[in-house]
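> Please find one structure pasted underneath; my questions will follow.
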Amino acid sequence: MLRIENLNKSFGEKQVLKDINLDINKGEIVMITGESGVGKTTLIRCLCGLENYDSGRVEYLNDDKGNGDNSIGLVSQSFDLFPHFNVMKNITYPLMKVKNNKKTEAINKAKDLVGFLGLNGLEDNYAYQLSGGQKQRVAIARALAMEPNYICFDEPTSALDYKLRDNVGQLIKTVASRGMGVIVITHDREFANKYANRIFELGA
């Protein structure tokens, strides 16, 4: 379980997050909604360690052991692929650089994820050769390769048409089926109602 207790964050005199409390279980899809500017992206940046929060607590709990593994992945709205790497290297590079996987091990893991996410035939393509949906799947593969217990998606359906929104929704359900807790930031209430196990409304 990922537990957020009394989380507060301000930028100067503006308080963006105020006493946020939320529990998220593995295998669960939690959608965080709210108007623009209420701190949705700030919240997941705090969870991922990209932003320091002012007070409160973020805990990763196991049912039987107390504190658990605090690994959490992020698929950003802009995907942030390495433009000078092809699809395979986008996935394998963090495995070798951060997790110290051997090249063969990293490649095998990347191949599994390429198949899982329907990216076969695109292994040698660079970001500029991919559609938006393909870039998103590469970003998801890169995040999944690090074997996080939780994964955050920042506005994954932004600017997508109805059919593509459903594709993303099904993909998120598939990720959750692997036992990961999924946290989705979205302004799309219809999408949240369709695919979330729980919806958390973040207010101003």
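As shown in the structure tokens, the chain order sets the letters A, B, ...; within each chain, residues go from 1, and ligands are also counted from 1 in the order they appear.
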Can you tell me, as a list in words, what residues are no more than 8 Å from stretch 41-47 of chain A when counting only C-alpha atoms, ignoring any on the same chain fewer than 2 positions away?
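In the requested form, the answer reads Val16, Leu17, Gly39, Gly49, Leu50, Glu51, Asn52, Tyr53, Val58, Ile72, Cys152, Asp154 and Ile185 of chain A.
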> Env of A:Leu7: 8 Å cut, atoms = only C-alpha atoms, seq-sep filter 3 positions within chain, self excluded. Answer as a list in words.
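Here the answer would be Ile4, Leu17, Lys18, Asp19, Ile20, Asn21, Tyr53, Asp54, Ser55, Gly56, Arg57 and Val58 of chain A.
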> With only C-alpha atoms as the basis for distance, which of A:Gly169, A:Gly12, A:Gly132, A:Pro148 is at the shortest distance from A:Asn193?
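The answer is A:Gly169, which sits nearest to A:Asn193.
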> Which polymer residues have any atom within 12 Å of an atom of A:Thr174, counting only C-alpha atoms, with same-chain residues fewer than 5 positions away left out, as a list in words?
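Result of the neighbour search: Gly27, Glu28, Ile29, Phe116, Leu117, Ile140, Leu144, Asn167, Val168, Gly169, Gly179, Met180, Gly181, Val182 and Tyr195 of chain A.
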> Running DSSP on the backbone, which parts of stretch 17-99 of chain A land in helix (DSSP H, G or I), as a list in words?
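Secondary structure check on stretch 17-99 of chain A, helix (DSSP H, G or I): Lys40, Thr41, Thr42, Leu43, Ile44, Arg45, Cys46, Leu47, Val87, Met88, Lys89, Asn90, Ile91, Thr92, Tyr93, Pro94, Leu95, Met96 and Lys97 of chain A.
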> Counting only C-alpha atoms, figure out which residue out of A:Lys103, A:Lys26, A:Lys40, A:His84 gets nearest to A:Ser71.
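Using only C-alpha atoms, the shortest distance to A:Ser71 belongs to A:Lys26.
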> Looking only at the backbone, which of the residues in stretch 49-182 of chain A does DSSP tag as strand (DSSP E or B), as a list in words?
Ser55, Gly56, Arg57, Val58, Glu59, Tyr60, Leu61, Asn62, Gly66, Asn67, Ile72, Gly73, Leu74, Val75, Asn86, Tyr126, Tyr150, Ile151, Cys152, Phe153, Asp154, Gly181 and Val182 of chain A
> Skip A:Gln136 itself and residues of its chain fewer than 5 positions away, then list as a JSON list (two decimals) with N, CA and C atoms, in the first residue's frame all residues within 9 Å of it, counting only C-alpha atoms.

```
[["chain", "number", "residue", "atom", "x", "y", "z"],
["A", 75, "VAL", "N", 5.11, 8.05, -16.09],
["A", 75, "VAL", "CA", 4.96, 8.29, -17.53],
["A", 75, "VAL", "C", 4.44, 9.71, -17.66],
["A", 76, "SER", "N", 5.32, 10.60, -18.08],
["A", 76, "SER", "CA", 4.97, 12.01, -18.12],
["A", 76, "SER", "C", 4.10, 12.32, -19.34],
["A", 77, "GLN", "N", 3.48, 13.47, -19.32],
["A", 77, "GLN", "CA", 2.59, 13.88, -20.41],
["A", 77, "GLN", "C", 3.36, 14.03, -21.73],
["A", 78, "SER", "N", 4.64, 14.40, -21.64],
["A", 78, "SER", "CA", 5.45, 14.59, -22.85],
["A", 78, "SER", "C", 6.31, 13.35, -23.17],
["A", 79, "PHE", "N", 6.19, 12.30, -22.34],
["A", 79, "PHE", "CA", 6.85, 10.99, -22.52],
["A", 79, "PHE", "C", 8.35, 11.03, -22.24],
["A", 131, "SER", "N", 4.36, 7.52, -33.66],
["A", 131, "SER", "CA", 3.15, 8.30, -33.38],
["A", 131, "SER", "C", 3.10, 8.61, -31.88],
["A", 141, "ALA", "N", 6.80, 1.17, -21.39],
["A", 141, "ALA", "CA", 7.74, 0.05, -21.36],
["A", 141, "ALA", "C", 8.98, 0.40, -20.54],
["A", 156, "PRO", "N", -2.72, 11.03, -19.37],
["A", 156, "PRO", "CA", -2.40, 10.13, -20.50],
["A", 156, "PRO", "C", -3.34, 10.26, -21.68]]
```
> Tell me, counting only C-alpha atoms, for each residue of stretch 26-112 of chain A within 12 Å of stretch 122-126 of chain A, which pair of atoms is nearest and how far apart they are in Å to one decimal, in rows ordered by chain and increasing number, as CSV.

```
residue,atom,partner,partner_atom,distance
A:Leu81,CA,A:Tyr126,CA,9.1
A:Phe82,CA,A:Tyr126,CA,8.6
A:Pro83,CA,A:Tyr126,CA,6.5
A:His84,CA,A:Tyr126,CA,7.2
A:Phe85,CA,A:Tyr126,CA,6.3
A:Asn86,CA,A:Tyr126,CA,4.4
A:Val87,CA,A:Glu123,CA,5.0
A:Met88,CA,A:Glu123,CA,5.2
A:Lys89,CA,A:Glu123,CA,8.5
A:Asn90,CA,A:Tyr126,CA,9.1
A:Ile91,CA,A:Glu123,CA,9.9
A:Thr92,CA,A:Glu123,CA,11.2
A:Ile107,CA,A:Glu123,CA,10.8
A:Ala110,CA,A:Glu123,CA,9.4
A:Lys111,CA,A:Glu123,CA,8.7
A:Asp112,CA,A:Glu123,CA,11.8
```
> Do you know which residues are at most 8 Å from A:Met31 counting only C-alpha atoms, after dropping those on the same chain fewer than 3 positions away, and could you put them as a list in words?
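Listed by chain and then number, they are Ile183, Val184, Ile185, Thr186, Ala192, Ala196, Asn197, Arg198, Ile199 and Phe200 of chain A.
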> Which residue out of A:Ala145, A:Gly118, A:Gly133, A:Arg3 has the minimum interatomic distance to A:Val98 when only C-alpha atoms are used?
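For A:Val98, the nearest of the candidates is A:Ala145.
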